[in-house]
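Visitor: Pasting data-v1.pdb below, which is PDB, C-alpha atoms.
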```
ATOM      1  CA  MET N   1       0.556  -4.833 -23.617
ATOM      2  CA  SER N   2       2.364  -3.296 -20.662
ATOM      3  CA  GLN N   3       0.309  -2.863 -17.529
ATOM      4  CA  GLU N   4      -0.169   0.719 -16.358
ATOM      5  CA  PRO N   5       1.110   1.490 -12.855
ATOM      6  CA  ALA N   6      -1.446   1.513 -10.071
ATOM      7  CA  THR N   7      -2.899   4.857  -9.056
ATOM      8  CA  VAL N   8      -1.443   6.257  -5.828
ATOM      9  CA  ARG N   9      -4.099   7.565  -3.436
ATOM     10  CA  VAL N  10      -2.906  10.671  -1.575
ATOM     11  CA  LEU N  11      -4.129  12.604   1.474
ATOM     12  CA  VAL N  12      -2.829  16.202   1.719
ATOM     13  CA  VAL N  13      -2.435  17.652   5.234
ATOM     14  CA  ASP N  14      -1.632  21.330   5.856
ATOM     15  CA  ASP N  15      -3.164  23.933   8.155
ATOM     16  CA  GLN N  16      -2.918  26.700   5.527
ATOM     17  CA  GLN N  17      -5.834  26.449   3.113
ATOM     18  CA  LEU N  18      -4.119  28.125   0.178
ATOM     19  CA  ILE N  19      -1.155  25.758   0.360
ATOM     20  CA  ARG N  20      -3.324  22.714   1.057
ATOM     21  CA  ASP N  21      -5.673  23.379  -1.853
ATOM     22  CA  GLY N  22      -2.809  24.338  -4.152
ATOM     23  CA  ILE N  23      -0.902  21.114  -3.519
ATOM     24  CA  ALA N  24      -4.063  19.061  -3.944
ATOM     25  CA  ALA N  25      -4.864  20.795  -7.251
ATOM     26  CA  LEU N  26      -1.340  20.338  -8.623
ATOM     27  CA  LEU N  27      -1.266  16.653  -7.720
ATOM     28  CA  SER N  28      -4.748  15.989  -9.091
ATOM     29  CA  ILE N  29      -3.559  16.638 -12.658
ATOM     30  CA  ARG N  30      -0.542  14.347 -12.372
ATOM     31  CA  PRO N  31      -0.888  10.927 -14.015
ATOM     32  CA  GLY N  32      -1.133   8.010 -11.633
ATOM     33  CA  ILE N  33      -2.062  10.127  -8.588
ATOM     34  CA  THR N  34      -5.482  10.658  -7.049
ATOM     35  CA  VAL N  35      -6.031  13.057  -4.143
ATOM     36  CA  VAL N  36      -8.616  11.317  -1.958
ATOM     37  CA  GLY N  37      -8.916  14.099   0.622
ATOM     38  CA  THR N  38      -7.338  16.906   2.618
ATOM     39  CA  ALA N  39      -6.967  17.647   6.330
ATOM     40  CA  VAL N  40      -6.204  20.800   8.328
ATOM     41  CA  ASN N  41      -4.237  19.288  11.234
ATOM     42  CA  GLY N  42      -2.765  16.075  12.542
ATOM     43  CA  ARG N  43      -5.894  15.024  14.383
ATOM     44  CA  GLU N  44      -8.059  15.295  11.272
ATOM     45  CA  ALA N  45      -5.297  13.628   9.249
ATOM     46  CA  VAL N  46      -5.435  10.537  11.467
ATOM     47  CA  ALA N  47      -9.228  10.356  11.242
ATOM     48  CA  LYS N  48      -9.263  10.738   7.456
ATOM     49  CA  ALA N  49      -6.381   8.313   6.931
ATOM     50  CA  VAL N  50      -8.248   5.663   8.896
ATOM     51  CA  GLU N  51     -11.420   6.370   6.919
ATOM     52  CA  LEU N  52     -10.008   6.841   3.407
ATOM     53  CA  ARG N  53      -6.976   4.520   3.576
ATOM     54  CA  PRO N  54      -4.656   6.575   1.329
ATOM     55  CA  ASP N  55      -1.415   5.049   0.070
ATOM     56  CA  VAL N  56       0.584   8.189   0.889
ATOM     57  CA  VAL N  57      -0.045  11.032   3.333
ATOM     58  CA  LEU N  58       1.661  14.380   2.639
ATOM     59  CA  MET N  59       2.041  15.843   6.116
ATOM     60  CA  ASP N  60       3.021  19.348   7.232
ATOM     61  CA  VAL N  61       5.117  19.551  10.420
ATOM     62  CA  ARG N  62       3.781  22.486  12.431
ATOM     63  CA  MET N  63       0.009  22.343  12.849
ATOM     64  CA  PRO N  64      -2.480  23.043  15.645
ATOM     65  CA  GLU N  65      -4.101  20.394  17.880
ATOM     66  CA  LEU N  66      -1.767  17.588  16.777
ATOM     67  CA  ASP N  67       1.430  18.372  14.916
ATOM     68  CA  GLY N  68       2.706  16.377  11.966
ATOM     69  CA  VAL N  69       5.348  14.378  13.820
ATOM     70  CA  GLU N  70       2.894  13.312  16.519
ATOM     71  CA  ALA N  71       0.382  12.363  13.821
ATOM     72  CA  VAL N  72       2.979  10.154  12.116
ATOM     73  CA  ALA N  73       3.452   8.183  15.324
ATOM     74  CA  VAL N  74      -0.323   7.699  15.681
ATOM     75  CA  LEU N  75      -0.707   6.663  12.032
ATOM     76  CA  ARG N  76       1.983   4.043  12.431
ATOM     77  CA  ASP N  77      -0.450   2.222  14.731
ATOM     78  CA  ARG N  78      -3.817   3.275  13.257
ATOM     79  CA  ALA N  79      -3.004   3.029   9.540
ATOM     80  CA  PRO N  80       0.296   1.145   9.267
ATOM     81  CA  LYS N  81       0.040   0.493   5.519
ATOM     82  CA  CYS N  82       0.027   4.160   4.504
ATOM     83  CA  ARG N  83       3.341   5.896   3.916
ATOM     84  CA  VAL N  84       3.807   9.380   5.381
ATOM     85  CA  VAL N  85       5.999  11.987   3.679
ATOM     86  CA  MET N  86       6.653  15.219   5.557
ATOM     87  CA  LEU N  87       6.208  18.279   3.323
ATOM     88  CA  THR N  88       7.240  21.444   5.113
ATOM     89  CA  THR N  89       9.241  24.659   5.089
ATOM     90  CA  PHE N  90      11.268  23.597   8.148
ATOM     91  CA  ASP N  91      14.578  21.832   7.522
ATOM     92  CA  ASP N  92      15.637  21.922  11.165
ATOM     93  CA  GLU N  93      17.715  18.871  12.065
ATOM     94  CA  GLU N  94      15.588  18.063  15.106
ATOM     95  CA  TYR N  95      12.320  18.054  13.146
ATOM     96  CA  VAL N  96      13.870  15.718  10.582
ATOM     97  CA  VAL N  97      15.181  13.272  13.172
ATOM     98  CA  ARG N  98      11.912  13.303  15.147
ATOM     99  CA  ALA N  99       9.858  12.684  12.013
ATOM    100  CA  LEU N 100      12.009   9.811  10.775
ATOM    101  CA  ARG N 101      12.064   8.210  14.206
ATOM    102  CA  ALA N 102       8.277   8.499  14.386
ATOM    103  CA  GLY N 103       8.032   6.518  11.156
ATOM    104  CA  ALA N 104       7.932   9.062   8.310
ATOM    105  CA  GLY N 105       8.954   7.663   4.943
ATOM    106  CA  GLY N 106      10.431  10.923   3.692
ATOM    107  CA  TYR N 107      11.101  14.579   4.446
ATOM    108  CA  LEU N 108      10.713  17.144   1.668
ATOM    109  CA  LEU N 109      10.604  20.930   1.470
ATOM    110  CA  LYS N 110       7.740  22.840  -0.129
ATOM    111  CA  ASP N 111       9.903  24.637  -2.664
ATOM    112  CA  LEU N 112      10.367  21.584  -4.893
ATOM    113  CA  PRO N 113       8.673  21.509  -8.334
ATOM    114  CA  ALA N 114       5.308  19.774  -8.644
ATOM    115  CA  GLU N 115       6.668  17.051 -10.925
ATOM    116  CA  GLU N 116       9.393  16.199  -8.418
ATOM    117  CA  LEU N 117       6.797  16.024  -5.650
ATOM    118  CA  ALA N 118       4.682  13.666  -7.744
ATOM    119  CA  HIS N 119       7.751  11.504  -8.413
ATOM    120  CA  ALA N 120       8.570  11.466  -4.685
ATOM    121  CA  ILE N 121       5.016  10.318  -3.919
ATOM    122  CA  ARG N 122       5.333   7.435  -6.374
ATOM    123  CA  LEU N 123       8.670   6.446  -4.843
ATOM    124  CA  ALA N 124       7.218   6.646  -1.331
ATOM    125  CA  HIS N 125       4.404   4.345  -2.416
ATOM    126  CA  ALA N 126       7.078   1.933  -3.654
ATOM    127  CA  GLY N 127       8.749   2.038  -0.248
ATOM    128  CA  VAL N 128      11.637   4.375  -1.102
ATOM    129  CA  THR N 129      12.479   6.967   1.555
ATOM    130  CA  GLN N 130      12.926  10.467   0.142
ATOM    131  CA  LEU N 131      15.025  13.215   1.740
ATOM    132  CA  ASP N 132      15.433  16.744   0.416
ATOM    133  CA  ALA N 133      19.059  17.421  -0.524
ATOM    134  CA  SER N 134      19.470  20.178   2.079
ATOM    135  CA  VAL N 135      17.858  17.951   4.711
ATOM    136  CA  ALA N 136      20.263  15.134   3.913
ATOM    137  CA  GLY N 137      23.136  17.614   4.178
ATOM    138  CA  ARG N 138      22.027  18.728   7.625
ATOM    139  CA  LEU N 139      21.774  15.149   8.817
ATOM    140  CA  ALA N 140      25.247  14.395   7.514
ATOM    141  CA  ALA N 141      26.632  17.486   9.264
ATOM    142  CA  ALA N 142      24.909  16.421  12.466
ATOM    143  CA  LEU N 143      26.657  13.067  12.627
ATOM    144  CA  PRO N 144      28.914  13.139  15.680
ATOM    145  CA  ALA N 145      32.649  13.243  15.135
ATOM    146  CA  PRO N 146      34.879  10.862  17.085
ATOM    147  CA  ALA N 147      35.044  12.071  20.683
ATOM    148  CA  PRO N 148      38.324  13.625  21.830
ATOM    149  CA  ALA N 149      40.129  12.201  24.843
ATOM    150  CA  ALA N 150      38.628  14.704  27.288
ATOM    151  CA  ASP N 151      35.016  13.926  26.325
ATOM    152  CA  PRO N 152      34.328  10.921  28.590
ATOM    153  CA  ALA N 153      33.890  13.268  31.557
ATOM    154  CA  ALA N 154      31.345  15.301  29.616
ATOM    155  CA  VAL N 155      29.577  12.148  28.478
ATOM    156  CA  ALA N 156      29.471  11.005  32.087
ATOM    157  CA  ALA N 157      27.792  14.317  32.901
ATOM    158  CA  GLY N 158      24.946  13.306  30.577
ATOM    159  CA  LEU N 159      25.820  15.345  27.466
ATOM    160  CA  SER N 160      25.439  14.105  23.902
ATOM    161  CA  PRO N 161      28.323  14.504  21.396
ATOM    162  CA  ARG N 162      26.482  17.447  19.764
ATOM    163  CA  GLU N 163      25.969  19.130  23.163
ATOM    164  CA  ILE N 164      29.655  18.655  23.942
ATOM    165  CA  ASP N 165      30.568  20.430  20.697
ATOM    166  CA  ILE N 166      28.221  23.310  21.517
ATOM    167  CA  LEU N 167      29.395  23.586  25.127
ATOM    168  CA  ARG N 168      32.994  23.775  23.956
ATOM    169  CA  LEU N 169      32.139  26.626  21.556
ATOM    170  CA  VAL N 170      30.131  28.456  24.237
ATOM    171  CA  ALA N 171      33.193  28.265  26.471
ATOM    172  CA  ARG N 172      35.253  29.836  23.687
ATOM    173  CA  GLY N 173      32.888  32.810  23.613
ATOM    174  CA  ARG N 174      31.102  32.008  20.374
ATOM    175  CA  THR N 175      27.635  33.495  19.832
ATOM    176  CA  ASN N 176      24.635  31.362  18.868
ATOM    177  CA  ARG N 177      24.967  32.614  15.294
ATOM    178  CA  GLU N 178      28.646  31.690  15.132
ATOM    179  CA  ILE N 179      27.974  28.254  16.611
ATOM    180  CA  ALA N 180      25.144  27.680  14.141
ATOM    181  CA  ALA N 181      27.369  28.595  11.195
ATOM    182  CA  GLN N 182      30.245  26.389  12.362
ATOM    183  CA  LEU N 183      28.082  23.331  13.061
ATOM    184  CA  TYR N 184      25.628  23.829  10.153
ATOM    185  CA  LEU N 185      22.637  24.241  12.472
ATOM    186  CA  SER N 186      19.908  26.836  12.783
ATOM    187  CA  GLU N 187      20.187  29.425  15.556
ATOM    188  CA  GLY N 188      16.978  28.053  17.044
ATOM    189  CA  THR N 189      18.492  24.579  17.277
ATOM    190  CA  VAL N 190      21.608  25.959  18.972
ATOM    191  CA  LYS N 191      19.476  27.890  21.452
ATOM    192  CA  ASN N 192      17.493  24.753  22.282
ATOM    193  CA  HIS N 193      20.681  22.745  22.792
ATOM    194  CA  ILE N 194      22.119  25.379  25.124
ATOM    195  CA  SER N 195      18.916  25.444  27.172
ATOM    196  CA  ARG N 196      19.102  21.675  27.584
ATOM    197  CA  ILE N 197      22.783  21.856  28.544
ATOM    198  CA  LEU N 198      22.090  24.436  31.240
ATOM    199  CA  THR N 199      19.177  22.412  32.569
ATOM    200  CA  ARG N 200      21.022  19.088  32.490
ATOM    201  CA  LEU N 201      24.074  20.483  34.278
ATOM    202  CA  ALA N 202      22.021  22.695  36.652
ATOM    203  CA  LEU N 203      23.811  25.826  35.445
ATOM    204  CA  ARG N 204      22.455  29.372  35.542
ATOM    205  CA  ASP N 205      23.933  30.954  32.424
ATOM    206  CA  ARG N 206      26.589  30.803  29.692
ATOM    207  CA  THR N 207      29.287  32.044  32.065
ATOM    208  CA  GLN N 208      28.724  29.107  34.377
ATOM    209  CA  ALA N 209      28.641  26.836  31.331
ATOM    210  CA  ALA N 210      32.054  28.122  30.238
ATOM    211  CA  LEU N 211      33.509  27.484  33.684
ATOM    212  CA  HIS N 212      31.975  24.003  33.749
ATOM    213  CA  ALA N 213      33.455  23.250  30.321
ATOM    214  CA  ARG N 214      36.882  24.151  31.680
ATOM    215  CA  ASP N 215      36.342  21.836  34.653
ATOM    216  CA  LEU N 216      35.433  19.023  32.270
ATOM    217  CA  GLY N 217      38.620  19.565  30.296
ATOM    218  CA  LEU N 218      36.908  20.738  27.119
ATOM    219  CA  LEU N 219      39.203  23.755  26.604
TER     220      LEU N 219
END
```
As structure tokens, please, write out the structure in this file.
Guide:
Amino acid sequence: MSQEPATVRVLVVDDQQLIRDGIAALLSIRPGITVVGTAVNGREAVAKAVELRPDVVLMDVRMPELDGVEAVAVLRDRAPKCRVVMLTTFDDEEYVVRALRAGAGGYLLKDLPAEELAHAIRLAHAGVTQLDASVAGRLAAALPAPAPAADPAAVAAGLSPREIDILRLVARGRTNREIAAQLYLSEGTVKNHISRILTRLALRDRTQAALHARDLGLL
């Protein structure tokens, strides 16, 4: 007789009760999965993971008190054997990178079917990292292209390859929306990058940024 696969113990973490309870209910009827508990924020997630020792933690990103990414980093030390899969509505490149660097074993969006979520949980338990297709696409788009000859000066100024791309487009008069569309980013991500560029280069506004880009040879 073939041996049945082990049951995967899951902790569901989300600050919205309707979503949290709905996910828990959907997973509870899936074969091979047992929901051992739920939590409303990252702080409670850490406490319950330490207490209940789930195999997989489904973790939302934005939550009060302790957000999902910060909770992942804590769990890596407090409950290193449990796998954490981010389950969120946010596919922002920066959230994805932060979560994976913190130790998440996957990044999925909440619009996937329940059966696919259950399958992803089983794969996570087996040690397979899961990325939503759109998330993987954003990460691929975010990979830096080879730097052009003029970029060493910008790199020396402390800018990343992505910030160099954005600074060049700012200097060409592109709006945040146009930059986001060209680089496959969200407008919020572009805005955050521009704020960091201005701060890093001690510039006041986009006009000064455009002039600085010209000085660096980016035009």
Visitor: Return the single residue from N:Ala45, N:Thr89, N:Val50, N:Gln16 that is closest to N:Ala71, with distances computed using all atoms listed in the file.
Guide: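 Distance minimum relative to N:Ala71 lands on N:Ala45.
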Visitor: Just the number, please: distance in Å from atom CA of N:Lys110 to atom CA of N:Ala133, one decimal.
Guide: 12.6 Å
Visitor: In Å, rounded to a single decimal, give me how far atom CA of N:Leu108 is from atom CA of N:Ser134.
Guide: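 We find that atom CA of N:Ser134 and atom CA of N:Leu108 lie 9.3 Å from each other.
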Visitor: Ranking N:Ile23, N:Leu18, N:Ala180, N:Leu169 by minimum distance to N:Leu112 and counting all atoms listed in the file, which one comes first?
Guide: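 For N:Leu112, the nearest of the given residues is N:Ile23.
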Visitor: Excluding N:Ser195 and its own-chain neighbours fewer than 3 positions away, which residues fall within 12 Å of it when counting all atoms listed in the file? Please give them as a PDB file with C-alpha atoms, keeping the file's coordinate frame.
Guide:
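Okay, out33.pdb is ready:
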```pdb
ATOM      1  CA  GLU N 163      25.969  19.130  23.163  1.00  0.00           C
ATOM      2  CA  ILE N 166      28.221  23.310  21.517  1.00  0.00           C
ATOM      3  CA  LEU N 167      29.395  23.586  25.127  1.00  0.00           C
ATOM      4  CA  VAL N 170      30.131  28.456  24.237  1.00  0.00           C
ATOM      5  CA  ASN N 176      24.635  31.362  18.868  1.00  0.00           C
ATOM      6  CA  GLY N 188      16.978  28.053  17.044  1.00  0.00           C
ATOM      7  CA  THR N 189      18.492  24.579  17.277  1.00  0.00           C
ATOM      8  CA  VAL N 190      21.608  25.959  18.972  1.00  0.00           C
ATOM      9  CA  LYS N 191      19.476  27.890  21.452  1.00  0.00           C
ATOM     10  CA  ASN N 192      17.493  24.753  22.282  1.00  0.00           C
ATOM     11  CA  LEU N 198      22.090  24.436  31.240  1.00  0.00           C
ATOM     12  CA  THR N 199      19.177  22.412  32.569  1.00  0.00           C
ATOM     13  CA  ARG N 200      21.022  19.088  32.490  1.00  0.00           C
ATOM     14  CA  LEU N 201      24.074  20.483  34.278  1.00  0.00           C
ATOM     15  CA  ALA N 202      22.021  22.695  36.652  1.00  0.00           C
ATOM     16  CA  LEU N 203      23.811  25.826  35.445  1.00  0.00           C
ATOM     17  CA  ARG N 204      22.455  29.372  35.542  1.00  0.00           C
ATOM     18  CA  ASP N 205      23.933  30.954  32.424  1.00  0.00           C
ATOM     19  CA  ARG N 206      26.589  30.803  29.692  1.00  0.00           C
ATOM     20  CA  ALA N 209      28.641  26.836  31.331  1.00  0.00           C
TER      21      ALA N 209
END
```
Visitor: Excluding N:Val10 and residues on its chain fewer than 3 positions from it, collect all residues at most 12 Å away from it, counting all atoms listed in the file, and give them as a PyMOL selection string.
Guide: chain N and resi 7+13+23-25+27-28+30+32-39+45+48-49+52-59+82-85+117-118+120-122+124-125
Visitor: Which residue gives the smallest distance to N:Leu185 among N:Asp92, N:Asp21, N:Asp111, N:Glu116, with all atoms listed in the file counted?
Guide: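 Using all atoms listed in the file, N:Leu185 sits closest to N:Asp92.
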Visitor: My list of candidates is N:Glu44, N:Asp60, N:Glu70, N:Asp132. Which is closest to N:Arg20 when distances are computed with only C-alpha atoms?
Guide: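 Going through N:Glu44, N:Asp60, N:Glu70, N:Asp132 one by one, the smallest distance to N:Arg20 is for N:Asp60.
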Visitor: In Å, how far is it from atom CA of N:Gly42 to atom CA of N:Gly68?
Guide: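 Answer for the atom CA of N:Gly42 to atom CA of N:Gly68 separation: 5.5 Å.
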Visitor: List every protein, DNA or RNA residue with an atom no more than 10 Å from (1.6, 15.1, 14.7) in the file's coordinates, counting all atoms listed in the file, and format the result as an MDAnalysis selection string.
Guide: chainID N and resid 41:43 45:46 59:75 99 102
